[in-house]
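Here's upload.pdb, which has PDB, C-alpha atoms, pLDDT in the B column:
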```
ATOM      1  CA  MET A   1       0.000   0.000   0.000  1.00 38.00           C
ATOM      2  CA  THR A   2       1.246   3.476  -0.810  1.00 37.00           C
ATOM      3  CA  GLN A   3       1.747   6.143   1.826  1.00 36.00           C
ATOM      4  CA  PRO A   4      -1.147   8.605   1.848  1.00 35.00           C
ATOM      5  CA  THR A   5      -0.507  12.252   1.081  1.00 34.00           C
ATOM      6  CA  THR A   6      -3.844  13.444   2.386  1.00 35.00           C
ATOM      7  CA  ARG A   7      -5.762  12.828   5.571  1.00 35.00           C
ATOM      8  CA  THR A   8      -7.415   9.483   4.822  1.00 40.00           C
ATOM      9  CA  LEU A   9      -6.763   7.869   8.184  1.00 44.00           C
ATOM     10  CA  GLY A  10      -3.858   5.992   6.597  1.00 47.00           C
ATOM     11  CA  LYS A  11      -6.113   3.966   4.323  1.00 59.00           C
ATOM     12  CA  ASP A  12      -5.975   3.628   0.564  1.00 63.00           C
ATOM     13  CA  ASP A  13      -9.130   1.568   0.260  1.00 70.00           C
ATOM     14  CA  TRP A  14     -11.867   4.181   0.313  1.00 78.00           C
ATOM     15  CA  MET A  15     -14.574   3.328  -2.213  1.00 85.00           C
ATOM     16  CA  THR A  16     -16.353   5.316  -4.898  1.00 91.00           C
ATOM     17  CA  PRO A  17     -19.852   6.228  -3.732  1.00 92.00           C
ATOM     18  CA  SER A  18     -22.513   4.405  -5.705  1.00 92.00           C
ATOM     19  CA  ASP A  19     -24.510   7.579  -6.464  1.00 92.00           C
ATOM     20  CA  LEU A  20     -21.538   8.839  -8.482  1.00 95.00           C
ATOM     21  CA  PHE A  21     -20.372   5.532  -9.954  1.00 96.00           C
ATOM     22  CA  ASP A  22     -23.795   4.236 -11.004  1.00 96.00           C
ATOM     23  CA  GLN A  23     -24.422   7.258 -13.242  1.00 96.00           C
ATOM     24  CA  VAL A  24     -21.096   6.838 -15.025  1.00 97.00           C
ATOM     25  CA  GLN A  25     -21.566   3.074 -15.259  1.00 97.00           C
ATOM     26  CA  GLU A  26     -24.966   3.518 -16.912  1.00 96.00           C
ATOM     27  CA  VAL A  27     -23.286   5.352 -19.800  1.00 95.00           C
ATOM     28  CA  CYS A  28     -19.893   3.628 -19.970  1.00 96.00           C
ATOM     29  CA  GLU A  29     -20.781   0.018 -19.105  1.00 97.00           C
ATOM     30  CA  PHE A  30     -17.444  -0.782 -17.451  1.00 98.00           C
ATOM     31  CA  ASP A  31     -16.388  -4.425 -17.462  1.00 98.00           C
ATOM     32  CA  LEU A  32     -13.419  -4.111 -15.062  1.00 98.00           C
ATOM     33  CA  ASP A  33     -12.577  -2.354 -11.804  1.00 97.00           C
ATOM     34  CA  ALA A  34      -8.796  -2.032 -12.021  1.00 97.00           C
ATOM     35  CA  CYS A  35      -8.284  -1.177  -8.374  1.00 94.00           C
ATOM     36  CA  ALA A  36     -10.420  -2.762  -5.664  1.00 92.00           C
ATOM     37  CA  THR A  37      -9.286  -4.212  -2.367  1.00 88.00           C
ATOM     38  CA  ASN A  38     -11.944  -6.959  -2.429  1.00 88.00           C
ATOM     39  CA  LEU A  39     -15.343  -7.832  -3.882  1.00 89.00           C
ATOM     40  CA  ASP A  40     -17.150  -5.657  -1.320  1.00 86.00           C
ATOM     41  CA  ALA A  41     -15.124  -2.624  -2.465  1.00 87.00           C
ATOM     42  CA  ALA A  42     -15.313  -3.408  -6.184  1.00 91.00           C
ATOM     43  CA  ARG A  43     -17.689  -1.385  -8.318  1.00 94.00           C
ATOM     44  CA  VAL A  44     -17.384  -3.919 -11.149  1.00 95.00           C
ATOM     45  CA  ASP A  45     -16.745  -7.644 -11.109  1.00 94.00           C
ATOM     46  CA  PRO A  46     -14.219  -8.695 -12.346  1.00 96.00           C
ATOM     47  CA  PHE A  47     -11.769  -6.533 -10.473  1.00 96.00           C
ATOM     48  CA  ILE A  48      -8.026  -6.458  -9.894  1.00 96.00           C
ATOM     49  CA  ASP A  49      -7.051  -6.777  -6.232  1.00 94.00           C
ATOM     50  CA  PRO A  50      -3.794  -5.760  -4.512  1.00 92.00           C
ATOM     51  CA  LYS A  51      -2.398  -9.318  -4.662  1.00 94.00           C
ATOM     52  CA  THR A  52      -2.676  -9.285  -8.454  1.00 95.00           C
ATOM     53  CA  ASP A  53      -1.189  -5.748  -8.521  1.00 95.00           C
ATOM     54  CA  ALA A  54      -2.886  -3.736 -11.229  1.00 96.00           C
ATOM     55  CA  LEU A  55       0.275  -1.777 -11.946  1.00 97.00           C
ATOM     56  CA  ARG A  56       2.005  -4.960 -13.127  1.00 96.00           C
ATOM     57  CA  VAL A  57      -0.692  -6.683 -15.203  1.00 97.00           C
ATOM     58  CA  ARG A  58      -2.194  -5.896 -18.598  1.00 98.00           C
ATOM     59  CA  TRP A  59      -5.669  -4.500 -17.915  1.00 98.00           C
ATOM     60  CA  ALA A  60      -6.975  -5.507 -21.335  1.00 98.00           C
ATOM     61  CA  ASP A  61      -6.537  -9.162 -20.295  1.00 98.00           C
ATOM     62  CA  TYR A  62      -9.267  -8.575 -17.670  1.00 97.00           C
ATOM     63  CA  GLY A  63     -11.596  -6.096 -19.407  1.00 97.00           C
ATOM     64  CA  LYS A  64     -11.840  -3.464 -22.136  1.00 98.00           C
ATOM     65  CA  ARG A  65     -13.864  -0.697 -20.449  1.00 98.00           C
ATOM     66  CA  VAL A  66     -12.040   0.068 -17.225  1.00 98.00           C
ATOM     67  CA  TRP A  67     -13.022   1.929 -14.074  1.00 98.00           C
ATOM     68  CA  CYS A  68     -10.178   2.920 -11.745  1.00 97.00           C
ATOM     69  CA  ASN A  69     -10.342   4.744  -8.399  1.00 95.00           C
ATOM     70  CA  PRO A  70      -6.687   4.273  -7.377  1.00 93.00           C
ATOM     71  CA  PRO A  71      -5.035   4.811  -4.003  1.00 89.00           C
ATOM     72  CA  TYR A  72      -4.320   8.512  -3.599  1.00 85.00           C
ATOM     73  CA  GLY A  73      -0.899   8.087  -2.015  1.00 82.00           C
ATOM     74  CA  ARG A  74       2.554   9.138  -3.154  1.00 84.00           C
ATOM     75  CA  GLY A  75       2.560   6.555  -5.952  1.00 90.00           C
ATOM     76  CA  ILE A  76      -0.434   8.093  -7.709  1.00 94.00           C
ATOM     77  CA  SER A  77       1.659   9.088 -10.732  1.00 96.00           C
ATOM     78  CA  HIS A  78       2.108   5.387 -11.567  1.00 97.00           C
ATOM     79  CA  TRP A  79      -1.674   5.025 -11.810  1.00 97.00           C
ATOM     80  CA  PHE A  80      -1.929   7.955 -14.208  1.00 97.00           C
ATOM     81  CA  GLU A  81       0.779   6.403 -16.386  1.00 97.00           C
ATOM     82  CA  LYS A  82      -0.863   2.971 -16.283  1.00 97.00           C
ATOM     83  CA  ALA A  83      -4.309   4.349 -17.162  1.00 97.00           C
ATOM     84  CA  ALA A  84      -2.940   6.462 -20.022  1.00 96.00           C
ATOM     85  CA  ASN A  85      -1.023   3.527 -21.478  1.00 97.00           C
ATOM     86  CA  ALA A  86      -3.771   0.910 -20.979  1.00 97.00           C
ATOM     87  CA  CYS A  87      -5.750   2.259 -23.927  1.00 93.00           C
ATOM     88  CA  ARG A  88      -2.725   1.912 -26.166  1.00 91.00           C
ATOM     89  CA  ASP A  89      -2.422  -1.652 -24.861  1.00 95.00           C
ATOM     90  CA  GLY A  90      -5.878  -3.002 -25.759  1.00 97.00           C
ATOM     91  CA  CYS A  91      -8.448  -1.204 -23.589  1.00 98.00           C
ATOM     92  CA  GLU A  92     -11.277   0.749 -25.256  1.00 97.00           C
ATOM     93  CA  THR A  93     -11.858   3.231 -22.428  1.00 97.00           C
ATOM     94  CA  VAL A  94     -10.290   3.947 -19.066  1.00 98.00           C
ATOM     95  CA  ALA A  95     -11.932   6.232 -16.519  1.00 98.00           C
ATOM     96  CA  LEU A  96      -9.670   7.385 -13.706  1.00 98.00           C
ATOM     97  CA  LEU A  97     -11.225   9.005 -10.610  1.00 97.00           C
ATOM     98  CA  VAL A  98      -8.582  11.140  -8.902  1.00 96.00           C
ATOM     99  CA  TYR A  99      -7.981  14.383  -7.072  1.00 94.00           C
ATOM    100  CA  ALA A 100      -7.830  17.292  -9.505  1.00 95.00           C
ATOM    101  CA  ASN A 101      -4.173  18.076  -8.788  1.00 94.00           C
ATOM    102  CA  THR A 102      -3.703  20.070 -11.974  1.00 96.00           C
ATOM    103  CA  ASP A 103      -0.468  21.678 -10.784  1.00 96.00           C
ATOM    104  CA  THR A 104       1.539  18.432 -10.661  1.00 96.00           C
ATOM    105  CA  THR A 105       4.115  17.103 -13.101  1.00 96.00           C
ATOM    106  CA  TYR A 106       2.184  13.850 -13.527  1.00 96.00           C
ATOM    107  CA  TRP A 107      -1.011  15.758 -14.417  1.00 97.00           C
ATOM    108  CA  ARG A 108       0.800  17.727 -17.091  1.00 97.00           C
ATOM    109  CA  LYS A 109       2.442  14.609 -18.515  1.00 97.00           C
ATOM    110  CA  TRP A 110      -0.375  12.054 -18.305  1.00 97.00           C
ATOM    111  CA  VAL A 111      -3.424  14.316 -18.658  1.00 97.00           C
ATOM    112  CA  ALA A 112      -2.874  17.789 -20.130  1.00 96.00           C
ATOM    113  CA  ASN A 113      -0.172  16.831 -22.639  1.00 95.00           C
ATOM    114  CA  ASN A 114      -1.388  13.334 -23.466  1.00 96.00           C
ATOM    115  CA  PRO A 115      -3.240  13.080 -26.803  1.00 95.00           C
ATOM    116  CA  HIS A 116      -5.059   9.941 -25.569  1.00 95.00           C
ATOM    117  CA  THR A 117      -6.803  11.907 -22.817  1.00 96.00           C
ATOM    118  CA  LEU A 118     -10.285  12.325 -24.259  1.00 94.00           C
ATOM    119  CA  CYS A 119     -11.495  14.720 -21.567  1.00 95.00           C
ATOM    120  CA  VAL A 120     -11.392  15.781 -17.941  1.00 97.00           C
ATOM    121  CA  ILE A 121     -14.603  16.105 -15.968  1.00 97.00           C
ATOM    122  CA  PHE A 122     -14.297  18.133 -12.783  1.00 97.00           C
ATOM    123  CA  ILE A 123     -16.724  16.890 -10.140  1.00 96.00           C
ATOM    124  CA  SER A 124     -18.851  18.908  -7.756  1.00 94.00           C
ATOM    125  CA  PRO A 125     -19.590  18.710  -4.887  1.00 93.00           C
ATOM    126  CA  ARG A 126     -16.530  17.148  -3.313  1.00 90.00           C
ATOM    127  CA  VAL A 127     -16.855  13.381  -3.462  1.00 93.00           C
ATOM    128  CA  LYS A 128     -18.017  11.708  -0.255  1.00 90.00           C
ATOM    129  CA  PHE A 129     -16.002   8.512  -0.485  1.00 88.00           C
ATOM    130  CA  VAL A 130     -17.124   5.406   1.388  1.00 87.00           C
ATOM    131  CA  ARG A 131     -14.805   4.173   4.120  1.00 81.00           C
ATOM    132  CA  PRO A 132     -13.911   0.487   4.378  1.00 76.00           C
ATOM    133  CA  ASP A 133     -16.400   0.113   7.262  1.00 78.00           C
ATOM    134  CA  GLY A 134     -19.189   1.208   4.899  1.00 80.00           C
ATOM    135  CA  GLU A 135     -19.651   4.656   6.418  1.00 80.00           C
ATOM    136  CA  ARG A 136     -19.747   7.608   4.091  1.00 79.00           C
ATOM    137  CA  ALA A 137     -17.149  10.256   4.821  1.00 75.00           C
ATOM    138  CA  ALA A 138     -17.644  13.993   4.757  1.00 77.00           C
ATOM    139  CA  GLY A 139     -16.495  15.584   1.505  1.00 74.00           C
ATOM    140  CA  ALA A 140     -12.999  14.791   0.244  1.00 82.00           C
ATOM    141  CA  PRO A 141     -10.260  17.254   1.244  1.00 81.00           C
ATOM    142  CA  LYS A 142      -9.791  18.274  -2.410  1.00 88.00           C
ATOM    143  CA  GLY A 143     -11.831  18.484  -5.583  1.00 93.00           C
ATOM    144  CA  SER A 144     -11.938  15.392  -7.802  1.00 95.00           C
ATOM    145  CA  ALA A 145     -11.902  14.756 -11.520  1.00 97.00           C
ATOM    146  CA  LEU A 146     -12.761  11.943 -13.879  1.00 97.00           C
ATOM    147  CA  ILE A 147     -10.197  11.509 -16.618  1.00 98.00           C
ATOM    148  CA  PHE A 148     -11.151   9.506 -19.688  1.00 97.00           C
ATOM    149  CA  TYR A 149      -8.520   7.866 -21.890  1.00 97.00           C
ATOM    150  CA  THR A 150      -9.093   6.332 -25.333  1.00 95.00           C
ATOM    151  CA  PRO A 151      -6.879   4.345 -27.733  1.00 96.00           C
ATOM    152  CA  VAL A 152      -7.079   6.966 -30.488  1.00 93.00           C
ATOM    153  CA  PRO A 153      -5.932  10.543 -30.049  1.00 93.00           C
ATOM    154  CA  ARG A 154      -8.751  12.944 -29.196  1.00 90.00           C
ATOM    155  CA  PRO A 155     -10.380  14.527 -32.241  1.00 87.00           C
ATOM    156  CA  VAL A 156      -9.707  18.118 -31.141  1.00 87.00           C
ATOM    157  CA  PRO A 157      -6.355  19.701 -30.257  1.00 87.00           C
ATOM    158  CA  MET A 158      -7.466  21.357 -27.001  1.00 88.00           C
ATOM    159  CA  LEU A 159      -8.188  19.074 -24.038  1.00 91.00           C
ATOM    160  CA  PRO A 160     -11.933  19.305 -23.342  1.00 92.00           C
ATOM    161  CA  HIS A 161     -12.875  19.845 -19.728  1.00 93.00           C
ATOM    162  CA  LEU A 162     -16.347  19.881 -18.305  1.00 95.00           C
ATOM    163  CA  TYR A 163     -17.926  20.370 -14.911  1.00 96.00           C
ATOM    164  CA  TRP A 164     -20.377  17.848 -13.476  1.00 96.00           C
ATOM    165  CA  HIS A 165     -22.555  18.400 -10.434  1.00 95.00           C
ATOM    166  CA  TYR A 166     -23.239  14.727  -9.778  1.00 94.00           C
ATOM    167  CA  ASP A 167     -25.886  15.381  -7.112  1.00 91.00           C
ATOM    168  CA  ASN A 168     -28.344  16.959  -9.543  1.00 93.00           C
ATOM    169  CA  GLU A 169     -27.122  16.554 -13.129  1.00 94.00           C
ATOM    170  CA  PRO A 170     -27.290  13.235 -14.966  1.00 94.00           C
ATOM    171  CA  PHE A 171     -23.979  12.008 -16.325  1.00 94.00           C
ATOM    172  CA  ALA A 172     -25.654  11.419 -19.699  1.00 92.00           C
ATOM    173  CA  ALA A 173     -25.985  15.208 -20.070  1.00 92.00           C
ATOM    174  CA  ILE A 174     -22.217  15.514 -19.668  1.00 91.00           C
ATOM    175  CA  THR A 175     -21.577  12.971 -22.399  1.00 89.00           C
ATOM    176  CA  GLN A 176     -23.815  14.924 -24.772  1.00 88.00           C
ATOM    177  CA  ARG A 177     -21.926  18.147 -24.026  1.00 89.00           C
ATOM    178  CA  LEU A 178     -18.648  16.302 -24.642  1.00 87.00           C
ATOM    179  CA  ALA A 179     -19.923  15.002 -27.981  1.00 86.00           C
ATOM    180  CA  ASP A 180     -20.860  18.557 -28.965  1.00 85.00           C
ATOM    181  CA  MET A 181     -17.407  19.856 -27.965  1.00 81.00           C
ATOM    182  CA  THR A 182     -15.473  17.204 -29.860  1.00 77.00           C
ATOM    183  CA  GLN A 183     -17.385  17.394 -33.127  1.00 73.00           C
ATOM    184  CA  VAL A 184     -14.882  17.942 -35.889  1.00 56.00           C
ATOM    185  CA  ASN A 185     -16.134  20.245 -38.626  1.00 52.00           C
ATOM    186  CA  GLN A 186     -16.199  18.502 -41.948  1.00 43.00           C
TER     187      GLN A 186
END
```

Exercise: express the given structure as structure tokens:
Amino acid sequence: MTQPTTRTLGKDDWMTPSDLFDQVQEVCEFDLDACATNLDAARVDPFIDPKTDALRVRWADYGKRVWCNPPYGRGISHWFEKAANACRDGCETVALLVYANTDTTYWRKWVANNPHTLCVIFISPRVKFVRPDGERAAGAPKGSALIFYTPVPRPVPMLPHLYWHYDNEPFAAITQRLADMTQVNQ
């Protein structure tokens, strides 16, 4: 387990709340959770657990449409790299739920300057992750983002970014706005 960089009570196994995940799942139809501590924590079955070590295996061998809420510790840059490269290694889509640390070197390299980053969706309100004991936490200490990677370079030169208020806006509306933004004039 990585060392946490934020106040998470020393745990890396906080889960994505279902009210956020279920909306994204309805649109994306994920067939793999790349980072779950066990079946109770997994948002998709099959999932990759810590014993298998998702940073060392080829995700496309387990699924093609991948959900990943990685540990937010000091090794987070490895998860960005893995997610970005997974689509060039056989996955159709990878969604990475992370803190929106836009000022970091890994964000610039694996998000802002990566042509396989389809879009970034900034999430509001702050995500109320679920603790391992099943209790929902107060809001996260930082804002979060969903980063979507695809195997083909995005169709527009500028990285699209959108804002999603997951408490009162359906995720499907976000996907329509993204489609409108990435239309290439013919």

Output of the PyMOL selection byres ((chain A and resi 142) around 8), listed as number ranges by chain: A: 99-100, 126, 140-141, 143-144

Could you write those residues out with C-alpha atoms, as a PDB file, keeping the file's coordinate frame?
```
ATOM      1  CA  TYR A  99      -7.981  14.383  -7.072  1.00 94.00           C
ATOM      2  CA  ALA A 100      -7.830  17.292  -9.505  1.00 95.00           C
ATOM      3  CA  ARG A 126     -16.530  17.148  -3.313  1.00 90.00           C
ATOM      4  CA  ALA A 140     -12.999  14.791   0.244  1.00 82.00           C
ATOM      5  CA  PRO A 141     -10.260  17.254   1.244  1.00 81.00           C
ATOM      6  CA  GLY A 143     -11.831  18.484  -5.583  1.00 93.00           C
ATOM      7  CA  SER A 144     -11.938  15.392  -7.802  1.00 95.00           C
TER       8      SER A 144
END
```

Minimum-distance residue to Lys82 (chain A), chosen among A:Glu135, A:Asp31, A:Asp53, A:Asp13 (using only C-alpha atoms): A:Asp53

Closest of A:Ala42, A:Leu32, A:Val98, A:Arg74 to Tyr62 (chain A) - atom-to-atom distances counting all atoms listed in the file: A:Leu32

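Nearest-residue note for Asp49 (chain A): choosing from A:Phe129, A:Ile174, A:Ala34, A:Gly63, the minimum distance belongs to A:Ala34, counting all atoms listed in the file.
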
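This file, filtered with the PyMOL selection byres ((chain A and resi 104-106) around 12), gives the residues Arg74, Gly75, Ile76, Ser77, His78, Trp79, Phe80, Glu81, Lys82, Ala84, Tyr99, Ala100, Asn101, Thr102, Asp103, Trp107, Arg108, Lys109, Trp110, Val111, Ala112, Asn113 and Asn114 of chain A.
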
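Take the candidates A:Asp22, A:Glu92, A:Asp167, A:Asp180 and check each one against Val127 (chain A) using only C-alpha atoms; the shortest distance goes to A:Asp167.
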
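For the atom pair formed by CA of Arg65 (chain A) and CA of Leu96 (chain A), the distance is 11.3 Å, given to one decimal.
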
Neighbours of point (-2.2, -7.7, -5.7) within 12 Å, using all atoms listed in the file, written as a ChimeraX atom specification: /A:1,34-38,47-57

Shell around Ala173 (chain A) at 10 Å using all atoms listed in the file, local window under 5 positions removed, as number ranges by chain: A: 164, 178-179

The PyMOL selection byres ((chain A and resi 163) around 8) resolved against shown file, as JSON, numbers by chain: {"A": [121, 122, 123, 124, 161, 162, 164, 165]}

Between CA of Pro132 (chain A) and CA of Trp14 (chain A) - distance in Å to one decimal: 5.9 Å

Spatial neighbours of Thr175 (chain A), 12 Å, only C-alpha atoms, chain gap at least 5 places, as number ranges by chain: A: 23-24, 26-28, 118-121, 148, 160-164, 169-170, 180-182

Need the axis-aligned box for region 73-91 of chain A with 8 Å each side, so what are the centre and edges in Å to one decimal, as AutoDock Vina command-line options?
```
--center_x -2.9 --center_y 3.1 --center_z -14.1 --size_x 27.0 --size_y 28.1 --size_z 40.2
```

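Rounded to one decimal, CA of Glu29 (chain A) and CA of Pro153 (chain A) lie 21.2 Å from each other.
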
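Among the candidates A:Tyr149, A:Tyr72, A:Trp59, A:Phe171, the one nearest to Phe21 (chain A) when counting all atoms listed in the file is A:Phe171.
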